[in-house]
Amino acid sequence: MSDDIDTSIEDSGGPIPLDYFHVGLAAFLLSLNALLSLVLQLGLEKRLLISALRAFVQLSVLGYILVPIFKADSPIFVVLYAFFMTMVATYEAQKRSAYTYKGMWWHVWVSLAGTGSLVLSYTLIIVISVKPWWEAQYLIPIFGMILGNSTNGISVGLVTTLAELSEGRHQVEGLLALGATRWEACAPLLRKAITLGLTPILNQMSIIGMVSIPGMMTGQILGGSSPELAARYQCIIIFVIGAATAVGTVSASVMGVLSVVDSEHRVRPERLVKRDKGSSLLSPLASHPTF
């Protein structure tokens, strides 16, 4: 353990300073998971190791990247990093579906970036009244939480929508044959997709504060903020996350339906393509939306 860790932060009521030795002590607990996987022959030890290394590298790099962005105090760097966040979130959200269609990448990006930016702007300018609005201390972490939760909701909603349109295509076609419009025929699967997409955030809102203390509130308390102020911030964050997740999930699911069921109220199964596991991060950029 390093002896030269600055203890002034601890004395001033801030968080206890930690170095990589402390990180290693926490990581040691994961070895128990790996041991359990070996004993039970789960085959998860390699995946666990890779995931842990990814988390360590990504968070370490993030820490080094944010330092110059915070010090530069420039809206250009903050906005560029926020744009980068939307690109990564879009990739993660759309890659989880077993099916894809032409323009899906752009639909997911619009649902994430568009909804997230609107909700973020409202939060920073109207709710919290951050001045300037591009203050990195507020914009980057809040936008990250909005994107992270919206990514999960959009991913679940889109996965369910496309699976229903592929595997349950005959039910939709049956309703269309009886004279239903594409909205009427797809309403049941849309309700199912949106409900599943919103279930995690609704569950989180139900138990927050009673069962779990969320990360932002924990971080603020460890940083020296009063529990009352941290609780108010967390209320704001969970409400805006819920709003962004709902709108983004609805948007992505509806655009998925519009892309597979055309304006003539016909299911177009040829527009759905089985996921190519070898697709790259930037390959979807060459496609355009199809309605």
# chains A, B, ... in the order shown; residues from 1 in each chain; ligands from 1
>>> closest_atom_pairs(of="segment 164-192 of chain A", to="segment 146-157 of chain A", cutoff="10 Å", atoms="only C-alpha atoms", output="JSON lines")
{"residue": "A:Leu189", "atom": "CA", "partner": "A:Gly157", "partner_atom": "CA", "distance": 9.8}
{"residue": "A:Leu190", "atom": "CA", "partner": "A:Gly157", "partner_atom": "CA", "distance": 8.2}
{"residue": "A:Arg191", "atom": "CA", "partner": "A:Gly157", "partner_atom": "CA", "distance": 9.5}
{"residue": "A:Lys192", "atom": "CA", "partner": "A:Gly157", "partner_atom": "CA", "distance": 8.2}
>>> write_last_selection(atoms="N, CA and C atoms", output="mmCIF file, in the first residue's frame")
data_model
loop_
_atom_site.group_PDB
_atom_site.id
_atom_site.type_symbol
_atom_site.label_atom_id
_atom_site.label_comp_id
_atom_site.auth_asym_id
_atom_site.auth_seq_id
_atom_site.Cartn_x
_atom_site.Cartn_y
_atom_site.Cartn_z
ATOM 1 N N LEU A 189 -47.746 -6.382 -30.394
ATOM 2 C CA LEU A 189 -46.308 -6.608 -30.248
ATOM 3 C C LEU A 189 -45.601 -5.346 -29.781
ATOM 4 N N LEU A 190 -46.111 -4.171 -30.180
ATOM 5 C CA LEU A 190 -45.522 -2.924 -29.705
ATOM 6 C C LEU A 190 -45.739 -2.760 -28.206
ATOM 7 N N ARG A 191 -46.953 -3.097 -27.758
ATOM 8 C CA ARG A 191 -47.210 -3.011 -26.313
ATOM 9 C C ARG A 191 -46.286 -3.940 -25.537
ATOM 10 N N LYS A 192 -46.095 -5.142 -26.069
ATOM 11 C CA LYS A 192 -45.215 -6.103 -25.408
ATOM 12 C C LYS A 192 -43.777 -5.598 -25.383
#
>>> select_by_dssp(residues="segment 145-218 of chain A", states="alpha helix (DSSP H)", output="mmCIF file with N, CA, C and O atoms, in the first residue's frame")
data_model
loop_
_atom_site.group_PDB
_atom_site.id
_atom_site.type_symbol
_atom_site.label_atom_id
_atom_site.label_comp_id
_atom_site.auth_asym_id
_atom_site.auth_seq_id
_atom_site.Cartn_x
_atom_site.Cartn_y
_atom_site.Cartn_z
ATOM 1 N N MET A 145 -25.585 8.624 -17.723
ATOM 2 C CA MET A 145 -26.625 7.841 -17.056
ATOM 3 C C MET A 145 -27.876 7.735 -17.910
ATOM 4 O O MET A 145 -28.537 6.691 -17.963
ATOM 5 N N ILE A 146 -28.218 8.813 -18.610
ATOM 6 C CA ILE A 146 -29.380 8.787 -19.513
ATOM 7 C C ILE A 146 -29.149 7.789 -20.637
ATOM 8 O O ILE A 146 -30.004 6.954 -20.948
ATOM 9 N N LEU A 147 -27.974 7.858 -21.266
ATOM 10 C CA LEU A 147 -27.680 6.956 -22.377
ATOM 11 C C LEU A 147 -27.593 5.507 -21.919
ATOM 12 O O LEU A 147 -28.076 4.601 -22.610
ATOM 13 N N GLY A 148 -26.966 5.268 -20.775
ATOM 14 C CA GLY A 148 -26.809 3.903 -20.299
ATOM 15 C C GLY A 148 -28.137 3.209 -20.082
ATOM 16 O O GLY A 148 -28.340 2.063 -20.515
ATOM 17 N N ASN A 149 -29.065 3.887 -19.428
ATOM 18 C CA ASN A 149 -30.370 3.289 -19.173
ATOM 19 C C ASN A 149 -31.226 3.235 -20.430
ATOM 20 O O ASN A 149 -31.958 2.265 -20.647
ATOM 21 N N SER A 150 -31.147 4.269 -21.266
ATOM 22 C CA SER A 150 -31.909 4.263 -22.517
ATOM 23 C C SER A 150 -31.425 3.161 -23.444
ATOM 24 O O SER A 150 -32.229 2.551 -24.160
ATOM 25 N N THR A 151 -30.130 2.886 -23.429
ATOM 26 C CA THR A 151 -29.576 1.813 -24.252
ATOM 27 C C THR A 151 -30.230 0.481 -23.925
ATOM 28 O O THR A 151 -30.616 -0.282 -24.819
ATOM 29 N N ASN A 152 -30.388 0.194 -22.642
ATOM 30 C CA ASN A 152 -31.011 -1.068 -22.242
ATOM 31 C C ASN A 152 -32.466 -1.137 -22.675
ATOM 32 O O ASN A 152 -32.927 -2.154 -23.207
ATOM 33 N N GLY A 153 -33.210 -0.056 -22.447
ATOM 34 C CA GLY A 153 -34.617 -0.048 -22.818
ATOM 35 C C GLY A 153 -34.830 -0.175 -24.312
ATOM 36 O O GLY A 153 -35.660 -0.967 -24.777
ATOM 37 N N ILE A 154 -34.068 0.597 -25.084
ATOM 38 C CA ILE A 154 -34.185 0.552 -26.540
ATOM 39 C C ILE A 154 -33.781 -0.819 -27.069
ATOM 40 O O ILE A 154 -34.417 -1.368 -27.973
ATOM 41 N N SER A 155 -32.723 -1.385 -26.516
ATOM 42 C CA SER A 155 -32.263 -2.690 -26.961
ATOM 43 C C SER A 155 -33.326 -3.756 -26.735
ATOM 44 O O SER A 155 -33.648 -4.532 -27.645
ATOM 45 N N VAL A 156 -33.900 -3.800 -25.538
ATOM 46 C CA VAL A 156 -34.929 -4.797 -25.232
ATOM 47 C C VAL A 156 -36.159 -4.584 -26.111
ATOM 48 O O VAL A 156 -36.728 -5.538 -26.661
ATOM 49 N N GLY A 157 -36.577 -3.332 -26.269
ATOM 50 C CA GLY A 157 -37.747 -3.045 -27.087
ATOM 51 C C GLY A 157 -37.553 -3.433 -28.539
ATOM 52 O O GLY A 157 -38.442 -4.035 -29.162
ATOM 53 N N LEU A 158 -36.388 -3.111 -29.083
ATOM 54 C CA LEU A 158 -36.119 -3.409 -30.489
ATOM 55 C C LEU A 158 -35.946 -4.911 -30.709
ATOM 56 O O LEU A 158 -36.424 -5.462 -31.715
ATOM 57 N N VAL A 159 -35.262 -5.575 -29.794
ATOM 58 C CA VAL A 159 -35.095 -7.032 -29.899
ATOM 59 C C VAL A 159 -36.455 -7.720 -29.919
ATOM 60 O O VAL A 159 -36.717 -8.602 -30.744
ATOM 61 N N THR A 160 -37.342 -7.310 -29.021
ATOM 62 C CA THR A 160 -38.679 -7.913 -28.953
ATOM 63 C C THR A 160 -39.489 -7.608 -30.199
ATOM 64 O O THR A 160 -40.156 -8.492 -30.761
ATOM 65 N N THR A 161 -39.423 -6.360 -30.672
ATOM 66 C CA THR A 161 -40.182 -5.965 -31.862
ATOM 67 C C THR A 161 -39.775 -6.780 -33.079
ATOM 68 O O THR A 161 -40.631 -7.341 -33.793
ATOM 69 N N LEU A 162 -38.485 -6.877 -33.324
ATOM 70 C CA LEU A 162 -38.016 -7.577 -34.518
ATOM 71 C C LEU A 162 -38.233 -9.085 -34.400
ATOM 72 O O LEU A 162 -38.529 -9.755 -35.399
ATOM 73 N N ALA A 163 -38.093 -9.626 -33.200
ATOM 74 C CA ALA A 163 -38.347 -11.059 -33.015
ATOM 75 C C ALA A 163 -39.814 -11.385 -33.265
ATOM 76 O O ALA A 163 -40.143 -12.398 -33.899
ATOM 77 N N GLU A 164 -40.699 -10.521 -32.799
ATOM 78 C CA GLU A 164 -42.132 -10.739 -33.020
ATOM 79 C C GLU A 164 -42.488 -10.610 -34.499
ATOM 80 O O GLU A 164 -43.317 -11.366 -35.016
ATOM 81 N N LEU A 165 -41.875 -9.657 -35.181
ATOM 82 C CA LEU A 165 -42.160 -9.475 -36.604
ATOM 83 C C LEU A 165 -41.601 -10.622 -37.443
ATOM 84 O O LEU A 165 -42.113 -10.905 -38.529
ATOM 85 N N SER A 166 -40.579 -11.295 -36.950
ATOM 86 C CA SER A 166 -40.002 -12.413 -37.693
ATOM 87 C C SER A 166 -40.671 -13.736 -37.332
ATOM 88 O O SER A 166 -41.200 -14.433 -38.190
ATOM 89 N N GLU A 167 -40.665 -14.035 -36.033
ATOM 90 C CA GLU A 167 -41.172 -15.327 -35.589
ATOM 91 C C GLU A 167 -42.699 -15.344 -35.460
ATOM 92 O O GLU A 167 -43.324 -16.399 -35.559
ATOM 93 N N ARG A 169 -44.686 -13.474 -37.439
ATOM 94 C CA ARG A 169 -45.131 -12.759 -38.645
ATOM 95 C C ARG A 169 -46.525 -13.179 -39.076
ATOM 96 O O ARG A 169 -47.322 -12.337 -39.527
ATOM 97 N N HIS A 170 -46.854 -14.449 -38.962
ATOM 98 C CA HIS A 170 -48.143 -14.936 -39.460
ATOM 99 C C HIS A 170 -49.318 -14.345 -38.675
ATOM 100 O O HIS A 170 -50.395 -14.137 -39.237
ATOM 101 N N GLN A 171 -49.109 -14.050 -37.408
ATOM 102 C CA GLN A 171 -50.177 -13.416 -36.631
ATOM 103 C C GLN A 171 -50.440 -12.001 -37.148
ATOM 104 O O GLN A 171 -51.597 -11.593 -37.287
ATOM 105 N N VAL A 172 -49.376 -11.282 -37.418
ATOM 106 C CA VAL A 172 -49.528 -9.929 -37.950
ATOM 107 C C VAL A 172 -50.177 -9.978 -39.331
ATOM 108 O O VAL A 172 -51.101 -9.200 -39.632
ATOM 109 N N GLU A 173 -49.714 -10.894 -40.172
ATOM 110 C CA GLU A 173 -50.285 -11.016 -41.506
ATOM 111 C C GLU A 173 -51.757 -11.423 -41.452
ATOM 112 O O GLU A 173 -52.564 -10.987 -42.283
ATOM 113 N N GLY A 174 -52.127 -12.248 -40.465
ATOM 114 C CA GLY A 174 -53.519 -12.639 -40.320
ATOM 115 C C GLY A 174 -54.409 -11.450 -40.002
ATOM 116 O O GLY A 174 -55.509 -11.303 -40.572
ATOM 117 N N LEU A 175 -53.953 -10.578 -39.119
ATOM 118 C CA LEU A 175 -54.718 -9.382 -38.784
ATOM 119 C C LEU A 175 -54.803 -8.428 -39.978
ATOM 120 O O LEU A 175 -55.846 -7.814 -40.222
ATOM 121 N N LEU A 176 -53.701 -8.316 -40.715
ATOM 122 C CA LEU A 176 -53.711 -7.461 -41.906
ATOM 123 C C LEU A 176 -54.684 -8.001 -42.949
ATOM 124 O O LEU A 176 -55.384 -7.232 -43.632
ATOM 125 N N ALA A 177 -54.741 -9.331 -43.093
ATOM 126 C CA ALA A 177 -55.650 -9.943 -44.060
ATOM 127 C C ALA A 177 -57.111 -9.701 -43.700
ATOM 128 O O ALA A 177 -57.989 -9.678 -44.569
ATOM 129 N N ARG A 182 -51.593 -1.408 -40.344
ATOM 130 C CA ARG A 182 -50.338 -1.887 -39.758
ATOM 131 C C ARG A 182 -50.227 -1.493 -38.287
ATOM 132 O O ARG A 182 -49.611 -2.192 -37.497
ATOM 133 N N TRP A 183 -50.846 -0.352 -37.927
ATOM 134 C CA TRP A 183 -50.822 0.048 -36.527
ATOM 135 C C TRP A 183 -51.665 -0.898 -35.684
ATOM 136 O O TRP A 183 -51.267 -1.294 -34.582
ATOM 137 N N GLU A 184 -52.840 -1.242 -36.169
ATOM 138 C CA GLU A 184 -53.723 -2.149 -35.441
ATOM 139 C C GLU A 184 -53.127 -3.554 -35.354
ATOM 140 O O GLU A 184 -53.215 -4.212 -34.308
ATOM 141 N N ALA A 185 -52.516 -4.005 -36.435
ATOM 142 C CA ALA A 185 -51.947 -5.347 -36.449
ATOM 143 C C ALA A 185 -50.712 -5.459 -35.561
ATOM 144 O O ALA A 185 -50.444 -6.517 -34.974
ATOM 145 N N CYS A 186 -49.954 -4.373 -35.456
ATOM 146 C CA CYS A 186 -48.695 -4.405 -34.700
ATOM 147 C C CYS A 186 -48.844 -3.874 -33.275
ATOM 148 O O CYS A 186 -47.867 -3.892 -32.513
ATOM 149 N N ALA A 187 -50.032 -3.388 -32.932
ATOM 150 C CA ALA A 187 -50.232 -2.830 -31.588
ATOM 151 C C ALA A 187 -49.899 -3.827 -30.478
ATOM 152 O O ALA A 187 -49.222 -3.457 -29.502
ATOM 153 N N PRO A 188 -50.323 -5.103 -30.564
ATOM 154 C CA PRO A 188 -49.986 -6.040 -29.481
ATOM 155 C C PRO A 188 -48.483 -6.239 -29.295
ATOM 156 O O PRO A 188 -47.990 -6.256 -28.165
ATOM 157 N N LEU A 189 -47.746 -6.382 -30.394
ATOM 158 C CA LEU A 189 -46.308 -6.608 -30.248
ATOM 159 C C LEU A 189 -45.601 -5.346 -29.781
ATOM 160 O O LEU A 189 -44.604 -5.415 -29.063
ATOM 161 N N LEU A 190 -46.111 -4.171 -30.180
ATOM 162 C CA LEU A 190 -45.522 -2.924 -29.705
ATOM 163 C C LEU A 190 -45.739 -2.760 -28.206
ATOM 164 O O LEU A 190 -44.837 -2.332 -27.484
ATOM 165 N N ARG A 191 -46.953 -3.097 -27.758
ATOM 166 C CA ARG A 191 -47.210 -3.011 -26.313
ATOM 167 C C ARG A 191 -46.286 -3.940 -25.537
ATOM 168 O O ARG A 191 -45.755 -3.571 -24.488
ATOM 169 N N LYS A 192 -46.095 -5.142 -26.069
ATOM 170 C CA LYS A 192 -45.215 -6.103 -25.408
ATOM 171 C C LYS A 192 -43.777 -5.598 -25.383
ATOM 172 O O LYS A 192 -43.095 -5.656 -24.342
ATOM 173 N N ALA A 193 -43.294 -5.084 -26.518
ATOM 174 C CA ALA A 193 -41.910 -4.613 -26.617
ATOM 175 C C ALA A 193 -41.658 -3.426 -25.692
ATOM 176 O O ALA A 193 -40.641 -3.370 -24.982
ATOM 177 N N ILE A 194 -42.577 -2.468 -25.686
ATOM 178 C CA ILE A 194 -42.392 -1.271 -24.863
ATOM 179 C C ILE A 194 -42.475 -1.614 -23.385
ATOM 180 O O ILE A 194 -41.705 -1.101 -22.561
ATOM 181 N N THR A 195 -43.400 -2.511 -23.035
ATOM 182 C CA THR A 195 -43.523 -2.931 -21.635
ATOM 183 C C THR A 195 -42.246 -3.603 -21.144
ATOM 184 O O THR A 195 -41.743 -3.297 -20.050
ATOM 185 N N LEU A 196 -41.709 -4.510 -21.954
ATOM 186 C CA LEU A 196 -40.464 -5.183 -21.569
ATOM 187 C C LEU A 196 -39.306 -4.191 -21.487
ATOM 188 O O LEU A 196 -38.446 -4.305 -20.607
ATOM 189 N N GLY A 197 -39.267 -3.232 -22.410
ATOM 190 C CA GLY A 197 -38.193 -2.252 -22.411
ATOM 191 C C GLY A 197 -38.212 -1.345 -21.193
ATOM 192 O O GLY A 197 -37.163 -0.899 -20.715
ATOM 193 N N LEU A 198 -39.413 -1.074 -20.677
ATOM 194 C CA LEU A 198 -39.536 -0.168 -19.533
ATOM 195 C C LEU A 198 -39.519 -0.892 -18.193
ATOM 196 O O LEU A 198 -39.419 -0.241 -17.150
ATOM 197 N N THR A 199 -39.631 -2.205 -18.207
ATOM 198 C CA THR A 199 -39.680 -2.956 -16.948
ATOM 199 C C THR A 199 -38.471 -2.718 -16.047
ATOM 200 O O THR A 199 -38.628 -2.494 -14.835
ATOM 201 N N PRO A 200 -37.223 -2.736 -16.563
ATOM 202 C CA PRO A 200 -36.073 -2.527 -15.664
ATOM 203 C C PRO A 200 -36.091 -1.170 -14.962
ATOM 204 O O PRO A 200 -35.830 -1.106 -13.754
ATOM 205 N N ILE A 201 -36.404 -0.099 -15.687
ATOM 206 C CA ILE A 201 -36.376 1.228 -15.051
ATOM 207 C C ILE A 201 -37.536 1.370 -14.075
ATOM 208 O O ILE A 201 -37.407 2.004 -13.026
ATOM 209 N N LEU A 202 -38.689 0.753 -14.382
ATOM 210 C CA LEU A 202 -39.820 0.797 -13.451
ATOM 211 C C LEU A 202 -39.504 0.026 -12.175
ATOM 212 O O LEU A 202 -39.844 0.467 -11.065
ATOM 213 N N ASN A 203 -38.842 -1.122 -12.321
ATOM 214 C CA ASN A 203 -38.425 -1.887 -11.143
ATOM 215 C C ASN A 203 -37.431 -1.101 -10.303
ATOM 216 O O ASN A 203 -37.486 -1.103 -9.070
ATOM 217 N N GLN A 204 -36.515 -0.417 -10.990
ATOM 218 C CA GLN A 204 -35.510 0.366 -10.276
ATOM 219 C C GLN A 204 -36.156 1.505 -9.500
ATOM 220 O O GLN A 204 -35.780 1.790 -8.353
ATOM 221 N N MET A 205 -37.142 2.178 -10.117
ATOM 222 C CA MET A 205 -37.835 3.263 -9.442
ATOM 223 C C MET A 205 -38.620 2.756 -8.236
ATOM 224 O O MET A 205 -38.805 3.484 -7.252
ATOM 225 N N SER A 206 -39.083 1.511 -8.302
ATOM 226 C CA SER A 206 -39.904 0.954 -7.214
ATOM 227 C C SER A 206 -39.085 0.664 -5.962
ATOM 228 O O SER A 206 -39.591 0.796 -4.841
ATOM 229 N N ILE A 207 -37.820 0.265 -6.137
ATOM 230 C CA ILE A 207 -37.021 -0.152 -4.981
ATOM 231 C C ILE A 207 -35.967 0.866 -4.587
ATOM 232 O O ILE A 207 -35.314 0.710 -3.556
ATOM 233 N N GLY A 215 -25.930 4.614 -7.582
ATOM 234 C CA GLY A 215 -24.537 5.018 -7.676
ATOM 235 C C GLY A 215 -24.295 6.501 -7.547
ATOM 236 O O GLY A 215 -23.343 6.937 -6.893
ATOM 237 N N MET A 216 -25.150 7.327 -8.184
ATOM 238 C CA MET A 216 -24.920 8.773 -8.132
ATOM 239 C C MET A 216 -25.059 9.297 -6.706
ATOM 240 O O MET A 216 -24.250 10.111 -6.253
ATOM 241 N N MET A 217 -26.080 8.826 -6.008
ATOM 242 C CA MET A 217 -26.292 9.268 -4.623
ATOM 243 C C MET A 217 -25.139 8.815 -3.743
ATOM 244 O O MET A 217 -24.652 9.575 -2.897
ATOM 245 N N THR A 218 -24.692 7.573 -3.946
ATOM 246 C CA THR A 218 -23.548 7.061 -3.194
ATOM 247 C C THR A 218 -22.311 7.900 -3.443
ATOM 248 O O THR A 218 -21.583 8.267 -2.507
#
>>> closest_residue(among="A:Ala93, A:Ala98, A:Ala26, A:Leu112", to="Ala246 of chain A", atoms="only C-alpha atoms")
A:Leu112
>>> closest_residue(among="A:Val108, A:Ile213, A:Ile50, A:Ile208", to="Arg96 of chain A", atoms="only C-alpha atoms")
A:Val108
>>> atom_distance(atom1="atom CA of Val119 of chain A", atom2="atom CA of Gly144 of chain A")
12.2 Å
>>> closest_residue(among="A:Pro214, A:Phe143, A:Ile241, A:Thr100", to="Glu270 of chain A", atoms="only C-alpha atoms")
A:Thr100
>>> atom_distance(atom1="atom CA of Leu139 of chain A", atom2="atom CA of Val78 of chain A")
7.9 Å
>>> atom_distance(atom1="atom CA of Trp134 of chain A", atom2="atom CA of Pro75 of chain A")
5.7 Å
>>> residues_around(residues="Lys71 of chain A", least_positions_apart="6", cutoff="12 Å", atoms="only C-alpha atoms", output="MDAnalysis selection string")
chainID A and resid 64:65 77:78 135:137
>>> closest_residue(among="A:Ser263, A:Ser51, A:Ser37, A:Ser251", to="Thr115 of chain A", atoms="only C-alpha atoms")
A:Ser251
